[in-house]
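Structure file coords_29.pdb; described as PDB, C-alpha atoms.
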ATOM      1  CA  MET P 563       0.000   0.000   0.000
ATOM      2  CA  ALA P 564       1.180   3.515  -0.769
ATOM      3  CA  VAL P 565      -0.423   6.442   1.070
ATOM      4  CA  ARG P 566       0.077  10.153   0.443
ATOM      5  CA  LEU P 567       0.595  11.777   3.847
ATOM      6  CA  PRO P 568      -0.619  15.271   4.815
ATOM      7  CA  ASP P 569       2.919  16.655   4.365
ATOM      8  CA  GLY P 570       3.021  15.370   0.779
ATOM      9  CA  GLN P 571       5.403  12.509   1.465
ATOM     10  CA  LEU P 572       4.626   9.040   0.164
ATOM     11  CA  ASP P 573       4.430   6.351   2.829
ATOM     12  CA  THR P 574       4.536   2.677   1.842
ATOM     13  CA  THR P 575       3.727  -0.394   3.851
ATOM     14  CA  HIS P 576       3.178  -4.075   3.127
ATOM     15  CA  LYS P 577       1.463  -7.011   4.725
ATOM     16  CA  ARG P 578       1.400 -10.640   3.667
ATOM     17  CA  VAL P 579      -1.951 -11.767   2.281
ATOM     18  CA  PRO P 580      -3.587 -14.544   4.360
ATOM     19  CA  SER P 581      -2.973 -17.960   2.812
ATOM     20  CA  ILE P 582      -6.687 -18.577   2.211
ATOM     21  CA  TYR P 583      -6.597 -16.020  -0.617
ATOM     22  CA  ASN P 584      -3.555 -17.355  -2.457
ATOM     23  CA  GLY P 585      -3.375 -21.044  -1.480
ATOM     24  CA  ARG P 586      -4.433 -24.091  -3.459
ATOM     25  CA  LEU P 587      -8.096 -23.111  -3.440
ATOM     26  CA  ARG P 588      -7.207 -19.979  -5.461
ATOM     27  CA  LYS P 589      -6.454 -22.282  -8.399
ATOM     28  CA  VAL P 590      -9.754 -24.190  -8.283
ATOM     29  CA  PRO P 591     -12.072 -22.938 -11.085
ATOM     30  CA  PHE P 592     -15.340 -21.367  -9.921
ATOM     31  CA  PHE P 593     -14.439 -21.669  -6.227
ATOM     32  CA  ARG P 594     -11.729 -19.037  -6.734
ATOM     33  CA  GLY P 595     -14.388 -16.537  -7.761
ATOM     34  CA  VAL P 596     -15.866 -16.699  -4.262
ATOM     35  CA  LEU P 597     -12.395 -16.157  -2.777
ATOM     36  CA  VAL P 598     -11.862 -13.099  -4.971
ATOM     37  CA  LEU P 599     -15.188 -11.679  -3.817
ATOM     38  CA  LEU P 600     -14.260 -12.206  -0.142
ATOM     39  CA  GLU P 601     -10.767 -10.848  -0.731
ATOM     40  CA  THR P 602     -12.155  -7.698  -2.316
ATOM     41  CA  LEU P 603     -14.599  -7.090   0.529
ATOM     42  CA  ILE P 604     -12.353  -7.925   3.485
ATOM     43  CA  ILE P 605      -8.887  -6.774   2.410
ATOM     44  CA  GLY P 606     -10.359  -3.813   0.544
ATOM     45  CA  THR P 607     -12.189  -2.637   3.664
ATOM     46  CA  GLN P 608      -9.063  -3.061   5.799
ATOM     47  CA  ALA P 609      -6.933  -1.128   3.331
ATOM     48  CA  LEU P 610      -9.422   1.724   2.940
ATOM     49  CA  MET P 611      -9.794   2.204   6.695
ATOM     50  CA  TYR P 612      -6.054   2.070   7.296
ATOM     51  CA  SER P 613      -5.133   4.422   4.466
ATOM     52  CA  ALA P 614      -7.909   6.917   5.284
ATOM     53  CA  GLU P 615      -6.701   7.281   8.870
ATOM     54  CA  LYS P 616      -3.048   7.545   7.916
ATOM     55  CA  ALA P 617      -3.704  10.013   5.103
ATOM     56  CA  ALA P 618      -5.733  12.198   7.474
ATOM     57  CA  THR P 619      -3.373  12.185  10.470
ATOM     58  CA  GLY P 620      -0.019  10.979   9.213
ATOM     59  CA  GLU P 621      -0.012   8.483  12.081
ATOM     60  CA  GLU P 622       0.003   4.706  11.888
ATOM     61  CA  GLY P 623      -3.483   3.520  10.966
ATOM     62  CA  GLN P 624      -5.207   1.313  13.500
ATOM     63  CA  GLU P 625      -6.233  -2.134  12.287
ATOM     64  CA  LEU P 626      -9.967  -2.759  12.560
ATOM     65  CA  PRO P 627     -11.009  -5.225  15.283
ATOM     66  CA  LYS P 628     -12.236  -8.461  13.732
ATOM     67  CA  SER P 629     -15.790  -7.871  14.940
ATOM     68  CA  ALA P 630     -15.880  -4.373  13.406
ATOM     69  CA  LEU P 631     -14.427  -5.685  10.149
ATOM     70  CA  ILE P 632     -17.025  -8.443   9.925
ATOM     71  CA  LEU P 633     -19.795  -5.936  10.652
ATOM     72  CA  ALA P 634     -18.520  -3.547   7.969
ATOM     73  CA  VAL P 635     -18.335  -6.323   5.373
ATOM     74  CA  VAL P 636     -21.789  -7.695   6.261
ATOM     75  CA  VAL P 637     -23.361  -4.226   6.128
ATOM     76  CA  SER P 638     -21.679  -3.451   2.778
ATOM     77  CA  LEU P 639     -22.697  -6.759   1.261
ATOM     78  CA  GLY P 640     -26.215  -6.483   2.677
ATOM     79  CA  PHE P 641     -26.644  -2.972   1.282
ATOM     80  CA  SER P 642     -25.423  -4.110  -2.151
ATOM     81  CA  VAL P 643     -27.769  -7.109  -2.248
ATOM     82  CA  LEU P 644     -30.687  -4.963  -1.090
ATOM     83  CA  LEU P 645     -30.107  -2.125  -3.554
ATOM     84  CA  PHE P 646     -29.010  -4.055  -6.627
ATOM     85  CA  PHE P 647     -30.953  -7.304  -6.269
ATOM     86  CA  VAL P 648     -33.965  -6.954  -3.967
ATOM     87  CA  VAL P 649     -35.091  -3.470  -5.062
ATOM     88  CA  PRO P 650     -35.030  -4.296  -8.815
ATOM     89  CA  LEU P 651     -36.989  -7.470  -8.085
ATOM     90  CA  LEU P 652     -39.654  -5.575  -6.146
ATOM     91  CA  ILE P 653     -39.888  -2.934  -8.865
ATOM     92  CA  SER P 654     -40.391  -5.531 -11.595
ATOM     93  CA  ARG P 655     -42.896  -7.489  -9.492
ATOM     94  CA  SER P 656     -44.910  -4.326  -8.877
ATOM     95  CA  LEU P 657     -45.696  -4.453 -12.601
ATOM     96  CA  ASP P 658     -46.886  -8.079 -12.606
ATOM     97  CA  ALA P 659     -50.408  -6.979 -13.451
ATOM     98  CA  PHE P 660     -49.122  -5.583 -16.751
ATOM     99  CA  ILE P 661     -46.497  -8.239 -17.608
ATOM    100  CA  THR P 662     -47.622 -11.772 -18.436
ATOM    101  CA  SER P 663     -44.245 -13.129 -19.569
ATOM    102  CA  ASP P 664     -41.831 -14.479 -16.950
ATOM    103  CA  PHE P 665     -38.957 -13.814 -19.342
ATOM    104  CA  VAL P 666     -39.915 -10.164 -19.855
ATOM    105  CA  SER P 667     -40.292  -9.705 -16.091
ATOM    106  CA  ASN P 668     -36.764 -11.010 -15.497
ATOM    107  CA  ILE P 669     -35.329  -8.866 -18.291
ATOM    108  CA  LEU P 670     -37.010  -5.806 -16.807
ATOM    109  CA  GLU P 671     -35.566  -6.662 -13.397
ATOM    110  CA  GLY P 672     -32.089  -6.953 -14.921
ATOM    111  CA  VAL P 673     -32.404  -3.635 -16.774
ATOM    112  CA  VAL P 674     -33.508  -1.872 -13.570
ATOM    113  CA  ARG P 675     -30.573  -3.468 -11.731
ATOM    114  CA  ILE P 676     -28.062  -2.165 -14.273
ATOM    115  CA  LEU P 677     -29.623   1.307 -14.323
ATOM    116  CA  LEU P 678     -29.502   1.488 -10.513
ATOM    117  CA  PHE P 679     -25.840   0.482 -10.505
ATOM    118  CA  VAL P 680     -24.873   3.020 -13.176
ATOM    119  CA  ALA P 681     -26.837   5.778 -11.419
ATOM    120  CA  TYR P 682     -25.266   4.921  -8.052
ATOM    121  CA  VAL P 683     -21.717   4.997  -9.434
ATOM    122  CA  ALA P 684     -22.379   8.208 -11.361
ATOM    123  CA  LEU P 685     -23.810   9.966  -8.292
ATOM    124  CA  ILE P 686     -21.040   9.022  -5.848
ATOM    125  CA  GLY P 687     -18.564  10.039  -8.540
ATOM    126  CA  LEU P 688     -19.713  13.645  -8.046
ATOM    127  CA  MET P 689     -18.281  13.689  -4.504
ATOM    128  CA  PRO P 690     -14.815  15.358  -4.365
ATOM    129  CA  ASP P 691     -13.286  12.641  -2.169
ATOM    130  CA  ILE P 692     -14.633   9.872  -4.406
ATOM    131  CA  LYS P 693     -13.313  11.677  -7.488
ATOM    132  CA  ARG P 694      -9.872  11.492  -5.902
ATOM    133  CA  VAL P 695     -10.333   7.782  -5.155
ATOM    134  CA  PHE P 696     -11.357   7.251  -8.777
ATOM    135  CA  ALA P 697      -8.220   9.102  -9.933
ATOM    136  CA  TYR P 698      -6.086   6.680  -7.910
ATOM    137  CA  HIS P 699      -8.090   3.880  -9.536
ATOM    138  CA  GLY P 700      -7.146   5.280 -12.939
ATOM    139  CA  ALA P 701      -3.509   5.473 -11.840
ATOM    140  CA  GLU P 702      -3.599   1.822 -10.787
ATOM    141  CA  HIS P 703      -4.872   0.761 -14.196
ATOM    142  CA  ARG P 704      -2.294   2.813 -16.055
ATOM    143  CA  VAL P 705       0.547   1.368 -14.031
ATOM    144  CA  ILE P 706      -0.679  -2.220 -14.490
ATOM    145  CA  ASN P 707      -1.118  -1.665 -18.238
ATOM    146  CA  ALA P 708       2.401  -0.242 -18.487
ATOM    147  CA  TYR P 709       3.868  -3.087 -16.441
ATOM    148  CA  GLU P 710       2.158  -5.727 -18.577
ATOM    149  CA  ALA P 711       3.489  -3.974 -21.674
ATOM    150  CA  GLY P 712       7.035  -4.212 -20.274
ATOM    151  CA  ILE P 713       7.454  -0.441 -20.021
ATOM    152  CA  PRO P 714       9.723   1.128 -17.353
ATOM    153  CA  LEU P 715       7.528   2.322 -14.506
ATOM    154  CA  THR P 716       7.937   6.089 -14.536
ATOM    155  CA  PRO P 717       5.099   8.650 -14.291
ATOM    156  CA  GLN P 718       5.948  10.034 -17.734
ATOM    157  CA  ALA P 719       5.890   6.645 -19.480
ATOM    158  CA  VAL P 720       2.829   5.384 -17.598
ATOM    159  CA  HIS P 721       0.682   8.358 -18.691
ATOM    160  CA  GLU P 722       0.659   6.942 -22.209
ATOM    161  CA  TYR P 723      -1.496   4.025 -21.087
ATOM    162  CA  SER P 724      -5.234   3.584 -20.611
ATOM    163  CA  THR P 725      -7.122   4.059 -17.353
ATOM    164  CA  SER P 726      -9.212   0.987 -18.268
ATOM    165  CA  HIS P 727      -8.247  -2.641 -17.727
ATOM    166  CA  ALA P 728      -9.906  -5.893 -18.747
ATOM    167  CA  ARG P 729      -9.562  -7.430 -15.259
ATOM    168  CA  CYS P 730     -11.013  -4.449 -13.381
ATOM    169  CA  GLY P 731     -13.484  -5.161 -10.592
ATOM    170  CA  THR P 732     -15.974  -2.851 -12.293
ATOM    171  CA  SER P 733     -16.043  -5.104 -15.351
ATOM    172  CA  PHE P 734     -16.437  -8.040 -12.975
ATOM    173  CA  ILE P 735     -19.494  -6.412 -11.379
ATOM    174  CA  PHE P 736     -20.989  -5.651 -14.785
ATOM    175  CA  VAL P 737     -20.600  -9.295 -15.822
ATOM    176  CA  VAL P 738     -22.235 -10.341 -12.530
ATOM    177  CA  LEU P 739     -25.209  -8.133 -13.377
ATOM    178  CA  MET P 740     -25.488  -9.596 -16.874
ATOM    179  CA  VAL P 741     -25.064 -13.227 -15.801
ATOM    180  CA  SER P 742     -27.668 -12.714 -13.082
ATOM    181  CA  ILE P 743     -30.226 -11.842 -15.770
ATOM    182  CA  LEU P 744     -29.606 -15.162 -17.525
ATOM    183  CA  VAL P 745     -29.631 -17.215 -14.327
ATOM    184  CA  HIS P 746     -32.756 -15.617 -12.886
ATOM    185  CA  ALA P 747     -34.577 -15.949 -16.210
ATOM    186  CA  LEU P 748     -34.197 -19.729 -15.908
ATOM    187  CA  LEU P 749     -36.033 -19.660 -12.584
ATOM    188  CA  GLY P 750     -39.206 -18.217 -14.011
ATOM    189  CA  ARG P 751     -41.285 -16.076 -11.663
ATOM    190  CA  PRO P 752     -41.544 -17.796  -8.262
ATOM    191  CA  PRO P 753     -43.201 -16.134  -5.236
ATOM    192  CA  VAL P 754     -41.454 -12.949  -4.098
ATOM    193  CA  LEU P 755     -39.948 -14.438  -0.920
ATOM    194  CA  ILE P 756     -38.487 -17.400  -2.782
ATOM    195  CA  ALA P 757     -37.241 -15.063  -5.517
ATOM    196  CA  ILE P 758     -35.448 -12.874  -2.940
ATOM    197  CA  LEU P 759     -33.831 -15.929  -1.329
ATOM    198  CA  SER P 760     -32.699 -17.168  -4.749
ATOM    199  CA  ARG P 761     -31.023 -13.807  -5.453
ATOM    200  CA  VAL P 762     -29.006 -14.121  -2.245
ATOM    201  CA  ILE P 763     -28.214 -17.848  -2.423
ATOM    202  CA  LEU P 764     -27.193 -17.821  -6.080
ATOM    203  CA  LEU P 765     -24.953 -14.749  -5.806
ATOM    204  CA  PRO P 766     -21.753 -16.752  -5.018
ATOM    205  CA  LEU P 767     -22.437 -19.039  -7.999
ATOM    206  CA  ILE P 768     -23.057 -16.074 -10.290
ATOM    207  CA  ALA P 769     -19.908 -14.338  -9.016
ATOM    208  CA  SER P 770     -17.869 -17.499  -9.631
ATOM    209  CA  ALA P 771     -19.061 -17.863 -13.213
ATOM    210  CA  SER P 772     -18.476 -14.141 -13.827
ATOM    211  CA  TYR P 773     -14.925 -14.344 -12.498
ATOM    212  CA  GLU P 774     -14.132 -17.232 -14.839
ATOM    213  CA  PHE P 775     -15.374 -15.153 -17.784
ATOM    214  CA  ILE P 776     -13.277 -12.140 -16.747
ATOM    215  CA  LYS P 777     -10.185 -14.313 -16.317
ATOM    216  CA  TRP P 778     -10.750 -16.042 -19.662
ATOM    217  CA  SER P 779     -11.510 -12.884 -21.637
ATOM    218  CA  ALA P 780      -8.661 -10.785 -20.186
ATOM    219  CA  ASP P 781      -6.083 -12.846 -22.076
ATOM    220  CA  ARG P 782      -8.030 -12.697 -25.338
ATOM    221  CA  GLN P 783      -8.523  -8.977 -25.867
ATOM    222  CA  ASN P 784      -7.025  -9.223 -29.349
ATOM    223  CA  ASN P 785     -10.010 -11.335 -30.395
ATOM    224  CA  LEU P 786     -12.670  -9.082 -31.920
ATOM    225  CA  LEU P 787     -15.608 -11.094 -30.568
ATOM    226  CA  VAL P 788     -14.174 -11.250 -27.042
ATOM    227  CA  ARG P 789     -13.332  -7.561 -27.175
ATOM    228  CA  SER P 790     -16.915  -6.733 -28.170
ATOM    229  CA  LEU P 791     -18.277  -8.793 -25.275
ATOM    230  CA  THR P 792     -16.074  -6.995 -22.748
ATOM    231  CA  GLN P 793     -16.509  -3.515 -24.232
ATOM    232  CA  PRO P 794     -19.540  -2.546 -22.063
ATOM    233  CA  GLY P 795     -17.532  -3.259 -18.914
ATOM    234  CA  LEU P 796     -14.591  -1.245 -20.229
ATOM    235  CA  LEU P 797     -16.906   1.668 -21.021
ATOM    236  CA  LEU P 798     -18.417   1.469 -17.548
ATOM    237  CA  GLN P 799     -14.934   1.966 -16.120
ATOM    238  CA  LYS P 800     -15.082   5.529 -17.426
ATOM    239  CA  LEU P 801     -17.405   6.231 -14.482
ATOM    240  CA  VAL P 802     -15.076   4.804 -11.840
ATOM    241  CA  THR P 803     -11.750   6.168 -13.057
ATOM    242  CA  ARG P 804     -10.428   9.685 -13.509
ATOM    243  CA  GLN P 805      -7.291  11.051 -15.146
ATOM    244  CA  PRO P 806      -4.570  10.770 -12.470
ATOM    245  CA  ASP P 807      -1.838  13.300 -11.796
ATOM    246  CA  ASP P 808       1.866  12.446 -11.455
ATOM    247  CA  GLY P 809       1.606  12.121  -7.675
ATOM    248  CA  GLN P 810      -1.184   9.562  -7.928
ATOM    249  CA  VAL P 811       0.703   7.595 -10.568
ATOM    250  CA  GLU P 812       3.777   7.701  -8.336
ATOM    251  CA  ALA P 813       1.748   6.161  -5.496
ATOM    252  CA  ALA P 814       0.457   3.391  -7.773
ATOM    253  CA  ILE P 815       4.001   2.638  -8.976
ATOM    254  CA  ALA P 816       5.269   2.484  -5.390
ATOM    255  CA  ALA P 817       2.518   0.053  -4.377
ATOM    256  CA  LEU P 818       3.141  -2.227  -7.362
ATOM    257  CA  GLN P 819       6.889  -2.123  -6.809
ATOM    258  CA  LEU P 820       6.399  -3.509  -3.293
ATOM    259  CA  VAL P 821       4.538  -6.464  -4.791
ATOM    260  CA  LEU P 822       7.207  -7.059  -7.443
ATOM    261  CA  ASP P 823      10.010  -6.881  -4.890
ATOM    262  CA  LYS P 824       8.147  -9.356  -2.630
ATOM    263  CA  PRO P 825       9.508  -7.931   0.628
ATOM    264  CA  GLU P 826       9.415 -10.009   3.766
ATOM    265  CA  PRO P 827       6.771  -8.896   6.261
ATOM    266  CA  ALA P 828       7.970  -6.602   9.024
ATOM    267  CA  ALA P 829       8.931  -8.367  12.247
ATOM    268  CA  GLN P 830       6.118  -8.461  14.745
ATOM    269  CA  PRO P 831       6.749  -7.274  18.311
ATOM    270  CA  SER P 832       7.005 -10.076  20.841
TER
END
Show me the file's structure as structure tokens.
Amino acid sequence: MAVRLPDGQLDTTHKRVPSIYNGRLRKVPFFRGVLVLLETLIIGTQALMYSAEKAATGEEGQELPKSALILAVVVSLGFSVLLFFVVPLLISRSLDAFITSDFVSNILEGVVRILLFVAYVALIGLMPDIKRVFAYHGAEHRVINAYEAGIPLTPQAVHEYSTSHARCGTSFIFVVLMVSILVHALLGRPPVLIAILSRVILLPLIASASYEFIKWSADRQNNLLVRSLTQPGLLLQKLVTRQPDDGQVEAAIAALQLVLDKPEPAAQPS
């Protein structure tokens, strides 16, 4: 992690990822998608809390207690399921009197889900602090693109590269939304309570299948058909990235360099 301190200095720190995220299970198709989802929620929350405190005070960020971390992840996941799965379902079901086709009802639900997601991302992107987060997101993508192209990691060279990336979590979420339409359409139109439970229970399966698609398609971007299938997700990234400045690119380079150097974790106090 690289954090810009209040005095303008760049502070870097590293921590070994728990073995559950990079052990043998990470190589098991479909199951690894669930691990990626958990990794994003848990490690992402830890990193955001730590960096926000350190960036604000310049002092060592305090690690969240396990109970607080679990609560934060559960609340975040619950809010996402409620807003992007339950609400679209209830909206589509409110029109049951006018829609006789189960297929059309599920398509409508999926369209509402995508519109809600796009609107949510667009609205939070108007907040100054989130704009800055999105600029760091753009810096991350540029640095990864430059690294994968074998270019020396300097701010000047990195600026030549795109702020979009085929393996971005935003593309992953978009694929989840699209796959969910197909999966839910196969279920027909069960009672509302059963439909809500199916949205929750099937989410890990949908996420797993979506991850496999992202992983497969990322290495085939030169294929016109694959590129066309992933293009909507790449376009959606325009909402969650901004043009980074040199300082933000410098932070992204510093964070990646720590990974490439594979430093040993700092000694823990006895």
Surrounding residues of Ser726 (chain P) excluding itself and chain neighbours under 6 positions, 9 Å, all atoms listed in the file, as a list in words =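 In the requested form, the answer reads Gly700, His703, Arg704, Asn707, Leu796, Leu797, Gln799, Lys800 and Thr803 of chain P.
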For the selection just defined, write its residues with C-alpha atoms to a file, as a short mmCIF file (atom, residue, chain, number, x, y, z; two decimals), keeping the file's coordinate frame.
data_model
loop_
_atom_site.label_atom_id
_atom_site.label_comp_id
_atom_site.auth_asym_id
_atom_site.auth_seq_id
_atom_site.Cartn_x
_atom_site.Cartn_y
_atom_site.Cartn_z
CA GLY P 700 -7.15 5.28 -12.94
CA HIS P 703 -4.87 0.76 -14.20
CA ARG P 704 -2.29 2.81 -16.06
CA ASN P 707 -1.12 -1.66 -18.24
CA LEU P 796 -14.59 -1.25 -20.23
CA LEU P 797 -16.91 1.67 -21.02
CA GLN P 799 -14.93 1.97 -16.12
CA LYS P 800 -15.08 5.53 -17.43
CA THR P 803 -11.75 6.17 -13.06
#
Write out as CSV the residues of region 606-668 of chain P that have any atom within 10 Å of an atom of region 579-602 of chain P, one row each with the nearest atom pair and its distance in Å to one decimal, counting all atoms listed in the file, sorted by chain and then rising number.
residue,atom,partner,partner_atom,distance
P:Gly606,CA,P:Thr602,CA,5.1
P:Thr607,CA,P:Thr602,CA,7.8
P:Gln608,CA,P:Thr602,CA,9.8
P:Val635,CA,P:Leu600,CA,9.0
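CA of Lys693 (chain P) sits 27.8 Å away from CA of Leu822 (chain P).
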message = Which residue is closest to Phe696 (chain P)? Choose from P:Ala719, P:Leu755, P:Ala684, P:Ala769 and count all atoms listed in the file.
response = P:Ala684
ask   = Hey, can you check how far CA of Val737 (chain P) sits from CA of Phe660 (chain P)?
value =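 CA of Phe660 (chain P) lies 28.8 Å from CA of Val737 (chain P).
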With all atoms listed in the file as the counted atoms, please give the residues lying no more than 10 Å from region 629-634 of chain P, apart from itself and same-chain residues fewer than 2 positions off, as a short mmCIF file (atom, residue, chain, number, x, y, z; two decimals) with C-alpha atoms, in the coordinates of the input.
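That gives us out19.cif:
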data_model
loop_
_atom_site.label_atom_id
_atom_site.label_comp_id
_atom_site.auth_asym_id
_atom_site.auth_seq_id
_atom_site.Cartn_x
_atom_site.Cartn_y
_atom_site.Cartn_z
CA LEU P 603 -14.60 -7.09 0.53
CA ILE P 604 -12.35 -7.92 3.48
CA ILE P 605 -8.89 -6.77 2.41
CA THR P 607 -12.19 -2.64 3.66
CA GLN P 608 -9.06 -3.06 5.80
CA MET P 611 -9.79 2.20 6.70
CA GLU P 625 -6.23 -2.13 12.29
CA LEU P 626 -9.97 -2.76 12.56
CA PRO P 627 -11.01 -5.22 15.28
CA VAL P 636 -21.79 -7.70 6.26
CA VAL P 637 -23.36 -4.23 6.13
CA SER P 638 -21.68 -3.45 2.78
CA LEU P 639 -22.70 -6.76 1.26
CA GLY P 640 -26.22 -6.48 2.68
#
With all atoms listed in the file counted and 12 Å as the cut-off, give the residues of region 673-742 of chain P in contact with region 563-575 of chain P, each with its shortest interatomic distance in Å and the pair that gives it, as JSON lines.
{"residue": "P:Arg694", "atom": "CA", "partner": "P:Arg566", "partner_atom": "CA", "distance": 11.9}
{"residue": "P:Val695", "atom": "CA", "partner": "P:Val565", "partner_atom": "CA", "distance": 11.8}
{"residue": "P:Tyr698", "atom": "CA", "partner": "P:Val565", "partner_atom": "CA", "distance": 10.6}
{"residue": "P:Glu702", "atom": "CA", "partner": "P:Ala564", "partner_atom": "CA", "distance": 11.2}
inquiry  = For the provided coordinates, the residues matched by the PyMOL selection byres ((chain P and resi 791) around 12) should be stated as number ranges by chain.
reply    = P: 728, 733, 736-737, 740, 775-776, 778-780, 782-790, 792-797
Given 6 Å of margin on each side, can you work out the centre and size in Å (one decimal) of an axis-aligned box holding every listed atom of region 637-651 of chain P, as JSON?
{"center_x": -29.3, "center_y": -4.8, "center_z": -1.3, "size_x": 27.3, "size_y": 17.3, "size_z": 26.9}
inquiry  = Report, in Å to a single decimal, how far apart CA of Ala813 (chain P) and CA of Glu615 (chain P) are.
reply    =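 Between CA of Glu615 (chain P) and CA of Ala813 (chain P) the gap works out to 16.7 Å.
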Who sits within 6 Å of region 743-749 of chain P, all atoms listed in the file, same chain under 6 positions skipped, as a PyMOL selection string = chain P and resi 665+668+672
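Among P:Thr619, P:Gln805, P:Gln819, P:Thr732, the residue with the shortest atom-to-atom distance to Val683 (chain P), counting all atoms listed in the file, is P:Thr732.
Proximity of P:Asp808, P:Leu801, P:Tyr612, P:Ala618 to Leu715 (chain P), computed with all atoms listed in the file, is greatest for P:Asp808.
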ask   = List as a ChimeraX atom specification: which residues have an atom within 6 Å of (7.2, 7.9, -13.2), counting only C-alpha atoms?
value = /P:715-718,812
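With distances taken over all atoms listed in the file, P:Leu798 is the one residue among P:Val762, P:Leu798, P:Ala617, P:Leu610 lying closest to Leu677 (chain P).
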ask   = When distances are computed from all atoms listed in the file, which of P:Tyr723, P:Arg751, P:Ala701, P:Phe646 shows the smallest separation from Ile661 (chain P)?
value =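 Selected residue with least distance to Ile661 (chain P): P:Arg751.
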task = Measuring atom to atom with only C-alpha atoms, identify which of P:Leu651, P:Ile815, P:Ile706, P:Leu685 is nearest to Arg761 (chain P).
result =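 Using only C-alpha atoms, Arg761 (chain P) sits closest to P:Leu651.
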message = Using all atoms listed in the file, list the residues that have an atom at most 9 Å from (-25.3, -15.5, -8.8), coordinates as in the file, as a PyMOL selection string.
response = chain P and resi 738-739+741-742+745-746+760-772
Write to file, as a PDB file, in the frame of the given file, the residues of the selection just made, with C-alpha atoms.
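Written file, again_35.pdb:
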ATOM      1  CA  VAL P 738     -22.235 -10.341 -12.530  1.00  0.00           C
ATOM      2  CA  LEU P 739     -25.209  -8.133 -13.377  1.00  0.00           C
ATOM      3  CA  VAL P 741     -25.064 -13.227 -15.801  1.00  0.00           C
ATOM      4  CA  SER P 742     -27.668 -12.714 -13.082  1.00  0.00           C
ATOM      5  CA  VAL P 745     -29.631 -17.215 -14.327  1.00  0.00           C
ATOM      6  CA  HIS P 746     -32.756 -15.617 -12.886  1.00  0.00           C
ATOM      7  CA  SER P 760     -32.699 -17.168  -4.749  1.00  0.00           C
ATOM      8  CA  ARG P 761     -31.023 -13.807  -5.453  1.00  0.00           C
ATOM      9  CA  VAL P 762     -29.006 -14.121  -2.245  1.00  0.00           C
ATOM     10  CA  ILE P 763     -28.214 -17.848  -2.423  1.00  0.00           C
ATOM     11  CA  LEU P 764     -27.193 -17.821  -6.080  1.00  0.00           C
ATOM     12  CA  LEU P 765     -24.953 -14.749  -5.806  1.00  0.00           C
ATOM     13  CA  PRO P 766     -21.753 -16.752  -5.018  1.00  0.00           C
ATOM     14  CA  LEU P 767     -22.437 -19.039  -7.999  1.00  0.00           C
ATOM     15  CA  ILE P 768     -23.057 -16.074 -10.290  1.00  0.00           C
ATOM     16  CA  ALA P 769     -19.908 -14.338  -9.016  1.00  0.00           C
ATOM     17  CA  SER P 770     -17.869 -17.499  -9.631  1.00  0.00           C
ATOM     18  CA  ALA P 771     -19.061 -17.863 -13.213  1.00  0.00           C
ATOM     19  CA  SER P 772     -18.476 -14.141 -13.827  1.00  0.00           C
TER      20      SER P 772
END
